[in-house]
>>> print(open('work_20.tsv').read())   # TSV, C-alpha atoms
chain	number	residue	atom	x	y	z
A	1	MET	CA	30.44	32.64	41.34
A	2	ILE	CA	33.31	32.84	38.88
A	3	GLN	CA	32.48	34.80	35.70
A	4	PHE	CA	34.90	33.33	33.14
A	5	ASP	CA	33.28	35.25	30.28
A	6	ARG	CA	34.83	38.44	31.69
A	7	PHE	CA	38.38	37.16	31.29
A	8	LYS	CA	40.70	37.97	28.38
A	9	LEU	CA	44.28	36.89	27.73
A	10	LYS	CA	45.44	40.44	28.43
A	11	HIS	CA	44.07	40.12	31.97
A	12	LEU	CA	46.20	37.05	32.58
A	13	ARG	CA	49.29	38.80	31.17
A	14	GLN	CA	48.61	41.80	33.39
A	15	PHE	CA	48.20	39.64	36.48
A	16	VAL	CA	51.45	37.75	35.80
A	17	ALA	CA	53.34	41.01	35.17
A	18	VAL	CA	52.20	42.49	38.50
A	19	ALA	CA	52.93	39.28	40.39
A	20	LYS	CA	56.46	39.07	38.99
A	21	ALA	CA	57.16	42.77	39.54
A	22	GLY	CA	55.73	42.76	43.07
A	23	SER	CA	54.28	46.19	42.38
A	24	ILE	CA	51.37	47.55	40.37
A	25	SER	CA	53.38	50.63	39.39
A	26	GLU	CA	56.33	48.55	38.17
A	27	GLY	CA	53.94	46.17	36.42
A	28	ALA	CA	52.33	49.14	34.67
A	29	GLU	CA	55.75	50.38	33.58
A	30	ALA	CA	56.68	46.95	32.20
A	31	LEU	CA	53.40	46.77	30.26
A	32	PHE	CA	53.59	50.41	29.10
A	33	THR	CA	50.20	51.22	30.61
A	34	SER	CA	49.02	53.51	33.40
A	35	GLN	CA	48.96	52.46	37.06
A	36	PRO	CA	45.25	53.36	37.54
A	37	ALA	CA	44.25	51.32	34.47
A	38	LEU	CA	46.25	48.29	35.64
A	39	SER	CA	44.94	48.59	39.22
A	40	ARG	CA	41.39	48.73	37.85
A	41	SER	CA	42.03	45.64	35.71
A	42	ILE	CA	43.32	43.68	38.74
A	43	THR	CA	40.22	44.67	40.72
A	44	GLU	CA	37.98	43.53	37.85
A	45	MET	CA	39.76	40.15	37.82
A	46	GLU	CA	39.22	39.73	41.55
A	47	GLU	CA	35.53	40.61	41.16
A	48	ALA	CA	35.18	38.16	38.25
A	49	LEU	CA	36.62	35.44	40.47
A	50	GLY	CA	33.86	35.99	42.99
A	51	ASP	CA	35.56	38.74	44.99
A	52	ILE	CA	38.56	36.53	45.74
A	53	ARG	CA	41.59	38.61	46.71
A	54	LEU	CA	44.64	37.86	44.56
A	55	PHE	CA	47.09	40.31	46.14
A	56	ASP	CA	47.84	41.66	49.58
A	57	ARG	CA	48.50	45.37	49.04
A	58	ALA	CA	50.98	47.43	51.06
A	59	ARG	CA	52.92	50.64	50.63
A	60	THR	CA	56.00	48.68	49.62
A	61	GLY	CA	54.16	46.74	46.89
A	62	VAL	CA	51.95	43.70	46.50
A	63	THR	CA	52.32	40.00	47.37
A	64	LEU	CA	50.28	37.05	46.20
A	65	THR	CA	47.66	35.64	48.54
A	66	ARG	CA	47.22	31.88	48.83
A	67	ASN	CA	44.52	32.04	46.14
A	68	GLY	CA	46.74	34.39	44.16
A	69	LYS	CA	49.49	31.78	44.06
A	70	LYS	CA	47.00	29.20	42.76
A	71	PHE	CA	45.76	31.65	40.13
A	72	MET	CA	49.38	32.42	39.16
A	73	ALA	CA	50.00	28.77	38.29
A	74	PHE	CA	46.75	28.70	36.29
A	75	ALA	CA	47.54	31.94	34.42
A	76	GLN	CA	51.05	30.86	33.48
A	77	LEU	CA	49.78	27.48	32.26
A	78	VAL	CA	47.09	29.10	30.08
A	79	LEU	CA	49.52	31.62	28.59
A	80	SER	CA	52.14	28.95	27.93
A	81	ASN	CA	49.61	26.62	26.27
A	82	PHE	CA	48.24	29.44	24.14
A	83	GLU	CA	51.72	30.42	22.91
A	84	THR	CA	52.54	26.80	22.12
A	85	PHE	CA	49.26	26.34	20.26
A	86	SER	CA	49.82	29.57	18.30
A	87	ALA	CA	53.30	28.42	17.30
A	88	ASP	CA	51.94	25.05	16.20
A	89	LEU	CA	49.40	26.77	13.95
A	90	VAL	CA	52.18	28.76	12.31
A	91	GLN	CA	54.35	25.66	11.90
A	92	ASP	CA	51.46	23.94	10.13
A	93	GLU	CA	51.57	26.61	7.42
A	94	GLY	CA	54.40	24.64	5.86
A	95	ALA	CA	58.18	24.72	5.62
A	96	THR	CA	58.14	27.50	3.04
A	97	GLY	CA	55.49	29.65	4.73
A	98	GLY	CA	54.73	31.45	7.95
A	99	THR	CA	54.32	35.03	9.07
A	100	VAL	CA	57.00	37.35	10.44
A	101	ARG	CA	55.77	40.53	12.13
A	102	VAL	CA	58.51	43.14	12.34
A	103	GLY	CA	58.59	46.49	14.10
A	104	MET	CA	61.24	48.66	12.48
A	105	GLY	CA	62.76	52.11	12.42
A	106	ALA	CA	62.38	54.28	9.34
A	107	TYR	CA	66.16	54.13	8.77
A	108	GLU	CA	66.39	50.32	8.95
A	109	GLY	CA	63.37	49.95	6.65
A	110	TYR	CA	65.36	51.63	3.87
A	111	THR	CA	68.72	50.03	4.56
A	112	PHE	CA	69.22	46.69	6.29
A	113	LEU	CA	65.75	45.15	6.44
A	114	PRO	CA	65.14	44.67	2.68
A	115	ASN	CA	68.28	42.50	2.51
A	116	ILE	CA	67.12	40.39	5.45
A	117	MET	CA	63.63	39.96	3.99
A	118	GLU	CA	65.01	39.03	0.58
A	119	ARG	CA	67.18	36.28	2.07
A	120	VAL	CA	64.31	34.82	4.07
A	121	LEU	CA	62.02	34.91	1.02
A	122	ASN	CA	64.65	33.16	-1.11
A	123	ARG	CA	64.50	30.24	1.32
A	124	ARG	CA	60.81	30.45	2.22
A	125	PRO	CA	58.97	31.96	-0.76
A	126	ASP	CA	55.57	31.76	0.95
A	127	VAL	CA	56.52	33.75	4.05
A	128	GLN	CA	54.41	36.84	4.70
A	129	PHE	CA	56.11	39.86	6.26
A	130	ASN	CA	53.99	42.32	8.25
A	131	CYS	CA	56.03	45.47	8.98
A	132	MET	CA	55.21	48.35	11.33
A	133	SER	CA	57.39	51.46	11.46
A	134	GLY	CA	57.85	53.56	14.59
A	135	ARG	CA	59.96	54.53	17.58
A	136	PHE	CA	60.97	52.01	20.24
A	137	GLN	CA	58.33	53.33	22.65
A	138	ASP	CA	55.69	52.90	19.92
A	139	LEU	CA	56.70	49.31	19.15
A	140	ILE	CA	57.48	47.74	22.53
A	141	ASN	CA	53.84	47.37	23.61
A	142	PRO	CA	52.81	45.50	20.42
A	143	LEU	CA	55.86	43.26	20.97
A	144	LEU	CA	54.81	42.49	24.55
A	145	GLN	CA	51.23	41.87	23.43
A	146	GLY	CA	52.35	39.33	20.82
A	147	LYS	CA	51.37	41.55	17.88
A	148	LEU	CA	55.03	41.75	16.79
A	149	ASP	CA	57.68	39.01	16.71
A	150	LEU	CA	60.66	41.35	16.91
A	151	ILE	CA	61.79	44.97	16.75
A	152	PHE	CA	64.65	45.74	14.39
A	153	GLY	CA	66.56	48.99	14.51
A	154	PRO	CA	65.29	51.42	17.15
A	155	VAL	CA	67.56	51.51	20.19
A	156	HIS	CA	66.40	51.85	23.78
A	157	SER	CA	68.90	52.69	26.48
A	158	GLY	CA	66.64	52.71	29.57
A	159	PRO	CA	65.19	49.89	31.72
A	160	LEU	CA	63.54	47.08	29.76
A	161	PRO	CA	60.32	45.20	30.59
A	162	GLN	CA	60.75	41.72	32.03
A	163	GLY	CA	61.40	39.05	29.40
A	164	VAL	CA	62.66	41.50	26.78
A	165	LYS	CA	66.10	40.87	25.26
A	166	THR	CA	68.20	43.24	23.16
A	167	PHE	CA	71.21	42.69	20.93
A	168	ILE	CA	73.25	45.38	19.14
A	169	VAL	CA	73.79	43.93	15.67
A	170	ALA	CA	75.54	46.85	13.98
A	171	GLN	CA	77.47	50.05	14.53
A	172	SER	CA	76.94	51.57	11.12
A	173	LYS	CA	78.91	54.55	9.83
A	174	PRO	CA	76.70	57.40	8.58
A	175	SER	CA	77.65	60.08	6.05
A	176	ILE	CA	77.81	63.71	7.22
A	177	LEU	CA	75.65	65.65	4.77
A	178	VAL	CA	74.99	69.33	4.11
A	179	ARG	CA	73.47	71.35	1.31
A	180	SER	CA	75.87	72.10	-1.53
A	181	ASP	CA	75.79	75.80	-0.62
A	182	HIS	CA	76.61	75.19	3.05
A	183	PRO	CA	79.71	77.10	4.32
A	184	LEU	CA	81.53	73.81	5.00
A	185	ALA	CA	80.70	72.22	1.64
A	186	LYS	CA	83.85	73.51	-0.05
A	187	GLU	CA	86.21	72.59	2.80
A	188	PRO	CA	88.58	69.76	1.76
A	189	THR	CA	88.54	68.43	5.33
A	190	VAL	CA	86.42	69.43	8.31
A	191	THR	CA	87.17	69.00	12.00
A	192	LEU	CA	84.96	68.22	14.98
A	193	LYS	CA	85.53	71.74	16.25
A	194	MET	CA	84.15	73.13	12.99
A	195	LEU	CA	81.17	70.78	13.20
A	196	SER	CA	80.47	71.69	16.83
A	197	GLN	CA	79.94	75.30	15.75
A	198	GLN	CA	77.27	74.45	13.16
A	199	ALA	CA	73.49	74.13	13.33
A	200	TRP	CA	72.62	70.41	13.28
A	201	MET	CA	69.83	67.96	12.71
A	202	VAL	CA	70.73	65.95	15.82
A	203	PRO	CA	69.53	62.48	16.91
A	204	VAL	CA	66.45	62.38	19.12
A	205	ALA	CA	67.10	63.24	22.79
A	206	ASN	CA	67.27	60.50	25.46
A	207	THR	CA	68.24	57.80	22.97
A	208	LEU	CA	71.44	55.78	22.57
A	209	PRO	CA	72.20	57.38	19.15
A	210	ARG	CA	72.03	60.83	20.77
A	211	ARG	CA	74.24	59.74	23.65
A	212	THR	CA	76.90	58.32	21.33
A	213	PHE	CA	76.63	61.45	19.15
A	214	ASP	CA	77.23	63.75	22.15
A	215	GLU	CA	80.13	61.60	23.40
A	216	VAL	CA	82.02	62.16	20.13
A	217	PHE	CA	82.26	65.88	20.89
A	218	ILE	CA	82.64	65.57	24.66
A	219	LYS	CA	85.71	63.32	24.25
A	220	GLU	CA	87.36	66.18	22.35
A	221	GLY	CA	86.44	68.73	25.00
A	222	LEU	CA	83.77	70.29	22.77
A	223	THR	CA	80.15	71.20	23.46
A	224	PRO	CA	77.84	68.91	21.47
A	225	PRO	CA	75.53	70.66	19.00
A	226	SER	CA	71.95	70.82	20.26
A	227	GLY	CA	69.89	71.40	17.18
A	228	PRO	CA	67.80	73.27	16.20
A	229	MET	CA	66.13	70.08	14.94
A	230	GLU	CA	65.90	66.54	16.35
A	231	ILE	CA	65.07	63.78	13.91
A	232	SER	CA	65.69	60.07	13.31
A	233	PRO	CA	67.58	59.11	10.12
A	234	SER	CA	64.97	58.85	7.38
A	235	VAL	CA	63.86	60.19	4.01
A	236	LEU	CA	62.35	63.10	5.92
A	237	MET	CA	65.83	63.98	7.18
A	238	ILE	CA	67.15	64.16	3.62
A	239	ALA	CA	64.21	66.30	2.55
A	240	MET	CA	64.80	68.73	5.43
A	241	LEU	CA	68.55	68.87	4.76
A	242	ARG	CA	67.76	70.04	1.24
A	243	GLN	CA	65.59	72.83	2.60
A	244	ARG	CA	67.68	73.93	5.59
A	245	ASN	CA	71.37	74.77	5.93
A	246	LEU	CA	71.89	72.17	8.65
A	247	VAL	CA	74.33	69.30	9.19
A	248	GLY	CA	72.93	65.76	9.43
A	249	LEU	CA	74.06	62.15	9.72
A	250	VAL	CA	72.58	59.94	6.98
A	251	HIS	CA	73.31	56.34	6.06
A	252	PRO	CA	75.02	56.18	2.62
A	253	GLN	CA	72.59	53.54	1.38
A	254	LEU	CA	69.66	55.73	2.37
A	255	CYS	CA	71.12	58.49	0.20
A	256	ALA	CA	71.48	56.09	-2.71
A	257	LEU	CA	67.89	54.87	-2.41
A	258	THR	CA	66.30	58.30	-2.66
A	259	SER	CA	66.49	60.78	-5.51
A	260	GLU	CA	65.85	63.53	-2.94
A	261	SER	CA	69.54	63.42	-2.01
A	262	ALA	CA	70.39	65.59	-5.04
A	263	GLY	CA	71.90	68.87	-4.03
A	264	LEU	CA	73.61	67.48	-0.92
A	265	THR	CA	77.34	67.21	-0.26
A	266	GLU	CA	79.16	64.76	2.01
A	267	LEU	CA	81.64	66.38	4.39
A	268	LYS	CA	85.03	64.75	4.84
A	269	LEU	CA	86.72	64.16	8.19
A	270	ALA	CA	90.20	62.75	8.63
A	271	SER	CA	88.47	59.92	10.52
A	272	ASN	CA	84.70	59.55	10.86
A	273	PRO	CA	83.98	59.04	14.59
A	274	PHE	CA	80.18	58.82	14.27
A	275	SER	CA	78.16	55.61	14.31
A	276	TRP	CA	74.51	54.48	14.39
A	277	PRO	CA	73.75	51.53	16.68
A	278	VAL	CA	71.21	49.09	15.26
A	279	GLN	CA	69.38	46.92	17.80
A	280	LEU	CA	67.42	43.67	17.67
A	281	THR	CA	64.75	43.39	20.37
A	282	THR	CA	62.85	40.17	21.12
A	283	VAL	CA	60.71	38.82	23.94
A	284	ASN	CA	60.87	35.36	25.54
A	285	ARG	CA	58.22	33.17	23.97
A	286	HIS	CA	57.84	29.43	23.61
A	287	HIS	CA	58.43	27.85	20.19
A	288	PRO	CA	58.80	30.77	17.74
A	289	SER	CA	57.96	29.74	14.19
A	290	ALA	CA	60.72	28.55	11.86
A	291	ALA	CA	60.35	31.71	9.74
A	292	VAL	CA	60.66	33.99	12.79
A	293	SER	CA	63.66	32.03	14.11
A	294	GLU	CA	65.41	32.25	10.74
A	295	THR	CA	64.77	35.99	10.47
A	296	ILE	CA	66.21	36.55	13.96
A	297	ASN	CA	69.27	34.43	13.18
A	298	LEU	CA	69.90	36.31	9.94
A	299	ILE	CA	69.69	39.65	11.75
A	300	LYS	CA	72.11	38.41	14.42
A	301	SER	CA	74.50	37.28	11.69
A	302	MET	CA	74.89	40.95	10.73
A	303	SER	CA	76.99	41.52	13.84
A	304	LYS	CA	79.99	39.64	12.43
A	305	TYR	CA	80.08	41.92	9.39
A	306	TYR	CA	79.75	45.19	11.28
A	307	GLN	CA	82.87	45.68	13.31
A	308	CYS	CA	83.11	49.32	14.41
A	309	GLY	CA	81.45	50.62	11.28
A	310	ASP	CA	82.50	48.10	8.63
A	311	ASN	CA	79.49	48.45	6.30
A	312	SER	CA	80.21	45.23	4.41
A	313	PHE	CA	77.08	43.22	5.19
A	314	ASP	CA	75.45	43.91	1.84
A	315	ASN	CA	78.39	42.50	-0.11
A	316	GLN	CA	79.45	39.77	2.30
A	317	CYS	CA	76.00	38.26	2.64
A	318	HIS	CA	75.73	37.65	-1.08
A	319	ASN	CA	78.05	34.72	-0.42
A	320	LYS	CA	75.52	31.85	-0.51
A	321	ASN	CA	77.70	29.38	1.36
A	322	ASP	CA	78.15	31.83	4.20
A	323	MET	CA	74.42	32.44	4.56
A	324	ASP	CA	73.66	28.72	4.47
A	325	THR	CA	75.52	28.31	7.75
A	326	VAL	CA	73.18	30.64	9.66
>>> encode(input="work_20.tsv", output="structure tokens")
Amino acid sequence: MIQFDRFKLKHLRQFVAVAKAGSISEGAEALFTSQPALSRSITEMEEALGDIRLFDRARTGVTLTRNGKKFMAFAQLVLSNFETFSADLVQDEGATGGTVRVGMGAYEGYTFLPNIMERVLNRRPDVQFNCMSGRFQDLINPLLQGKLDLIFGPVHSGPLPQGVKTFIVAQSKPSILVRSDHPLAKEPTVTLKMLSQQAWMVPVANTLPRRTFDEVFIKEGLTPPSGPMEISPSVLMIAMLRQRNLVGLVHPQLCALTSESAGLTELKLASNPFSWPVQLTTVNRHHPSAAVSETINLIKSMSKYYQCGDNSFDNQCHNKNDMDTV
């Protein structure tokens, strides 16, 4: 006997993920969960269906049984209908309303995102923004679960779960900051060789910002600095720069937005080779709300203003006619 009361939408999503991946381990990786937990969930689904086997299991992976193929069609139909119904509910909130749920990095929350939100609110004054700050690995699961509509800022350079799309919208030029009493603070111009010999507040390891940071030094035949501190660009970075004689990369606007930047000096290079990639991450869903679609389009429009570090988005986007074409 089928026990429908034991089913949840997450079970259907898990089943579809495993079926598409052809492997419980790869399905678990795509869903950012553990293999034992996902395997247990699949077994529970099969028991709830009256001990009907959904997958044939082998060392090389899993394949759908005949009943599994039927259940696959059912699961995809339910998930599709639920997403469509959810979007319709949001659309009914009115042309000026809706909800946009954004996962963001600490850096983007202080720099780019307020401009995007302000432009959406000017057009749709009843829109509600729900914002969650964190690293990419903290935000991807809520995005996959439908708790977020998009991730703005944090960059992921590894394999992506199925259905996830990324778009680099900016390569923003950061300032190179030190304390005013740092040995390099009085230098009229610094070189990469001088910087490579300093203690740094470097980007977090195994991220695209760290890779691009290291490549700047490697291209010049230099050993990239390794620390002693790893940190994402944020107000915390500015606070730590004031306390420690380290070198750090900070967005100029972030410096302007915080009074804690007092006592810091920007180092001058003949040409600033550093950049911060800013990424938009979305997941394939049917019928996103008008407010979500407009927010995504506005974020994508940033890319035409950021060409290899041209930080002109703030000024350019004040042109009303230009924004009306998004």
>>> closest_atom_pairs(input="work_20.tsv", of="stretch 83-200 of chain A", to="stretch 30-42 of chain A", cutoff="12 Å", atoms="all atoms listed in the file", output="CSV")
residue,atom,partner,partner_atom,distance
A:Phe136,CA,A:Phe32,CA,11.6
A:Gln137,CA,A:Phe32,CA,8.5
A:Asp138,CA,A:Phe32,CA,9.7
A:Leu139,CA,A:Phe32,CA,10.5
A:Ile140,CA,A:Phe32,CA,8.1
A:Asn141,CA,A:Phe32,CA,6.3
A:Pro142,CA,A:Leu31,CA,9.9
A:Leu143,CA,A:Leu31,CA,10.2
A:Leu144,CA,A:Leu31,CA,7.3
A:Gln145,CA,A:Leu31,CA,8.7
A:Gly158,CA,A:Ala30,CA,11.8
A:Pro159,CA,A:Ala30,CA,9.0
A:Leu160,CA,A:Ala30,CA,7.3
A:Pro161,CA,A:Ala30,CA,4.3
A:Gln162,CA,A:Ala30,CA,6.6
A:Gly163,CA,A:Ala30,CA,9.6
A:Val164,CA,A:Ala30,CA,9.7
>>> closest_residue(input="work_20.tsv", among="A:Lys193, A:Arg179, A:Lys10, A:Arg123", to="A:Phe217", atoms="all atoms listed in the file")
A:Lys193
>>> residues_near_point(input="work_20.tsv", point="(56.6, 29.1, -1.3)", cutoff="10 Å", atoms="all atoms listed in the file", output="NGL selection string")
:A and (94-98 or 121-127)
>>> residues_around(input="work_20.tsv", residues="A:Val178", least_positions_apart="6", cutoff="8 Å", atoms="only C-alpha atoms", output="list in words")
Leu184, Ala185, Leu241, Arg242, Asn245, Leu246, Val247, Gly248, Leu264, Thr265, Glu266 and Leu267 of chain A
>>> closest_residue(input="work_20.tsv", among="A:Lys219, A:Arg211, A:Lys268, A:Lys173", to="A:Leu195", atoms="only C-alpha atoms")
A:Lys268
>>> atom_distance(input="work_20.tsv", atom1="atom CA of A:Gln198", atom2="atom CA of A:Thr223")
11.2 Å
>>> closest_residue(input="work_20.tsv", among="A:Pro174, A:Pro209, A:Pro252, A:Pro188", to="A:Asn272", atoms="only C-alpha atoms")
A:Pro174
>>> atom_distance(input="work_20.tsv", atom1="atom CA of A:Phe7", atom2="atom CA of A:Glu46")
10.6 Å
>>> closest_residue(input="work_20.tsv", among="A:Pro277, A:Gly221, A:Pro183, A:Pro203", to="A:Gly153", atoms="all atoms listed in the file")
A:Pro277
>>> atom_distance(input="work_20.tsv", atom1="atom CA of A:Ser172", atom2="atom CA of A:Val278")
7.5 Å
>>> residues_around(input="work_20.tsv", residues="A:Glu294", least_positions_apart="5", cutoff="10 Å", atoms="only C-alpha atoms", output="number ranges by chain")
A: 100, 116, 119-120, 123-124, 288-289, 299-300, 326
>>> closest_residue(input="work_20.tsv", among="A:Met201, A:Glu26, A:Ser180, A:Thr281", to="A:Ile231", atoms="all atoms listed in the file")
A:Met201
>>> closest_residue(input="work_20.tsv", among="A:Arg135, A:Lys186, A:His251, A:Arg59", to="A:His156", atoms="all atoms listed in the file")
A:Arg135
>>> residues_around(input="work_20.tsv", residues="A:Met104", least_positions_apart="5", cutoff="9 Å", atoms="only C-alpha atoms", output="list in words")
Gly109, Leu113, Cys131, Met132, Ser133, Gly134, Arg135, Phe136, Leu139, Leu150, Ile151, Phe152, Gly153 and Pro154 of chain A
>>> decode(input="work_20.tsv", residues="stretch 197-270 of chain A", atoms="C-alpha atoms", output="PDB file, in the first residue's frame")
ATOM      1  CA  GLN A 197      57.616  40.064   0.079  1.00  0.00           C
ATOM      2  CA  GLN A 198      54.923  41.379   2.441  1.00  0.00           C
ATOM      3  CA  ALA A 199      52.533  39.687   4.860  1.00  0.00           C
ATOM      4  CA  TRP A 200      49.061  39.687   3.281  1.00  0.00           C
ATOM      5  CA  MET A 201      45.403  39.262   4.010  1.00  0.00           C
ATOM      6  CA  VAL A 202      44.889  36.983   0.996  1.00  0.00           C
ATOM      7  CA  PRO A 203      41.632  35.793  -0.635  1.00  0.00           C
ATOM      8  CA  VAL A 204      40.212  32.520   0.645  1.00  0.00           C
ATOM      9  CA  ALA A 205      41.948  29.389  -0.689  1.00  0.00           C
ATOM     10  CA  ASN A 206      40.363  27.276  -3.456  1.00  0.00           C
ATOM     11  CA  THR A 207      38.298  30.162  -4.807  1.00  0.00           C
ATOM     12  CA  LEU A 208      38.442  32.016  -8.124  1.00  0.00           C
ATOM     13  CA  PRO A 209      39.514  35.295  -6.415  1.00  0.00           C
ATOM     14  CA  ARG A 210      42.472  33.464  -4.846  1.00  0.00           C
ATOM     15  CA  ARG A 211      43.406  31.863  -8.156  1.00  0.00           C
ATOM     16  CA  THR A 212      43.363  35.189 -10.008  1.00  0.00           C
ATOM     17  CA  PHE A 213      45.303  36.786  -7.126  1.00  0.00           C
ATOM     18  CA  ASP A 214      48.034  34.122  -7.312  1.00  0.00           C
ATOM     19  CA  GLU A 215      48.216  34.368 -11.116  1.00  0.00           C
ATOM     20  CA  VAL A 216      49.133  38.066 -10.891  1.00  0.00           C
ATOM     21  CA  PHE A 217      52.386  37.163  -9.126  1.00  0.00           C
ATOM     22  CA  ILE A 218      53.053  33.928 -11.007  1.00  0.00           C
ATOM     23  CA  LYS A 219      52.941  35.754 -14.370  1.00  0.00           C
ATOM     24  CA  GLU A 220      55.813  37.921 -13.116  1.00  0.00           C
ATOM     25  CA  GLY A 221      57.820  34.919 -11.939  1.00  0.00           C
ATOM     26  CA  LEU A 222      57.120  35.706  -8.278  1.00  0.00           C
ATOM     27  CA  THR A 223      55.903  33.511  -5.438  1.00  0.00           C
ATOM     28  CA  PRO A 224      52.376  34.548  -4.414  1.00  0.00           C
ATOM     29  CA  PRO A 225      51.996  35.686  -0.795  1.00  0.00           C
ATOM     30  CA  SER A 226      50.303  33.046   1.354  1.00  0.00           C
ATOM     31  CA  GLY A 227      49.015  34.942   4.332  1.00  0.00           C
ATOM     32  CA  PRO A 228      49.132  34.811   7.293  1.00  0.00           C
ATOM     33  CA  MET A 229      45.390  35.530   7.055  1.00  0.00           C
ATOM     34  CA  GLU A 230      42.698  34.455   4.567  1.00  0.00           C
ATOM     35  CA  ILE A 231      39.560  36.558   4.432  1.00  0.00           C
ATOM     36  CA  SER A 232      36.842  37.666   2.008  1.00  0.00           C
ATOM     37  CA  PRO A 233      36.565  41.424   1.306  1.00  0.00           C
ATOM     38  CA  SER A 234      34.356  42.849   4.034  1.00  0.00           C
ATOM     39  CA  VAL A 235      34.155  45.334   6.895  1.00  0.00           C
ATOM     40  CA  LEU A 236      35.973  42.728   8.977  1.00  0.00           C
ATOM     41  CA  MET A 237      38.903  42.955   6.564  1.00  0.00           C
ATOM     42  CA  ILE A 238      39.132  46.712   7.079  1.00  0.00           C
ATOM     43  CA  ALA A 239      38.962  46.284  10.850  1.00  0.00           C
ATOM     44  CA  MET A 240      41.780  43.711  10.783  1.00  0.00           C
ATOM     45  CA  LEU A 241      43.912  45.860   8.465  1.00  0.00           C
ATOM     46  CA  ARG A 242      43.738  48.629  11.059  1.00  0.00           C
ATOM     47  CA  GLN A 243      44.979  46.259  13.740  1.00  0.00           C
ATOM     48  CA  ARG A 244      47.605  44.317  11.791  1.00  0.00           C
ATOM     49  CA  ASN A 245      50.451  45.469   9.550  1.00  0.00           C
ATOM     50  CA  LEU A 246      49.184  43.438   6.595  1.00  0.00           C
ATOM     51  CA  VAL A 247      48.391  44.200   2.959  1.00  0.00           C
ATOM     52  CA  GLY A 248      44.807  43.698   1.745  1.00  0.00           C
ATOM     53  CA  LEU A 249      42.623  44.211  -1.321  1.00  0.00           C
ATOM     54  CA  VAL A 250      39.502  46.270  -0.552  1.00  0.00           C
ATOM     55  CA  HIS A 251      36.872  47.708  -2.868  1.00  0.00           C
ATOM     56  CA  PRO A 252      37.079  51.550  -2.868  1.00  0.00           C
ATOM     57  CA  GLN A 253      33.356  51.892  -2.254  1.00  0.00           C
ATOM     58  CA  LEU A 254      33.604  49.597   0.753  1.00  0.00           C
ATOM     59  CA  CYS A 255      36.241  51.940   2.182  1.00  0.00           C
ATOM     60  CA  ALA A 256      33.985  54.927   1.603  1.00  0.00           C
ATOM     61  CA  LEU A 257      31.013  53.268   3.302  1.00  0.00           C
ATOM     62  CA  THR A 258      32.792  52.547   6.568  1.00  0.00           C
ATOM     63  CA  SER A 259      34.354  55.001   8.987  1.00  0.00           C
ATOM     64  CA  GLU A 260      36.661  52.173  10.111  1.00  0.00           C
ATOM     65  CA  SER A 261      38.856  52.867   7.082  1.00  0.00           C
ATOM     66  CA  ALA A 262      40.507  55.781   8.921  1.00  0.00           C
ATOM     67  CA  GLY A 263      44.186  55.219   9.422  1.00  0.00           C
ATOM     68  CA  LEU A 264      44.637  53.219   6.203  1.00  0.00           C
ATOM     69  CA  THR A 265      46.677  54.183   3.151  1.00  0.00           C
ATOM     70  CA  GLU A 266      46.184  53.087  -0.451  1.00  0.00           C
ATOM     71  CA  LEU A 267      49.342  51.822  -2.143  1.00  0.00           C
ATOM     72  CA  LYS A 268      50.064  52.951  -5.687  1.00  0.00           C
ATOM     73  CA  LEU A 269      51.192  50.665  -8.502  1.00  0.00           C
ATOM     74  CA  ALA A 270      52.138  51.827 -11.972  1.00  0.00           C
TER      75      ALA A 270
END
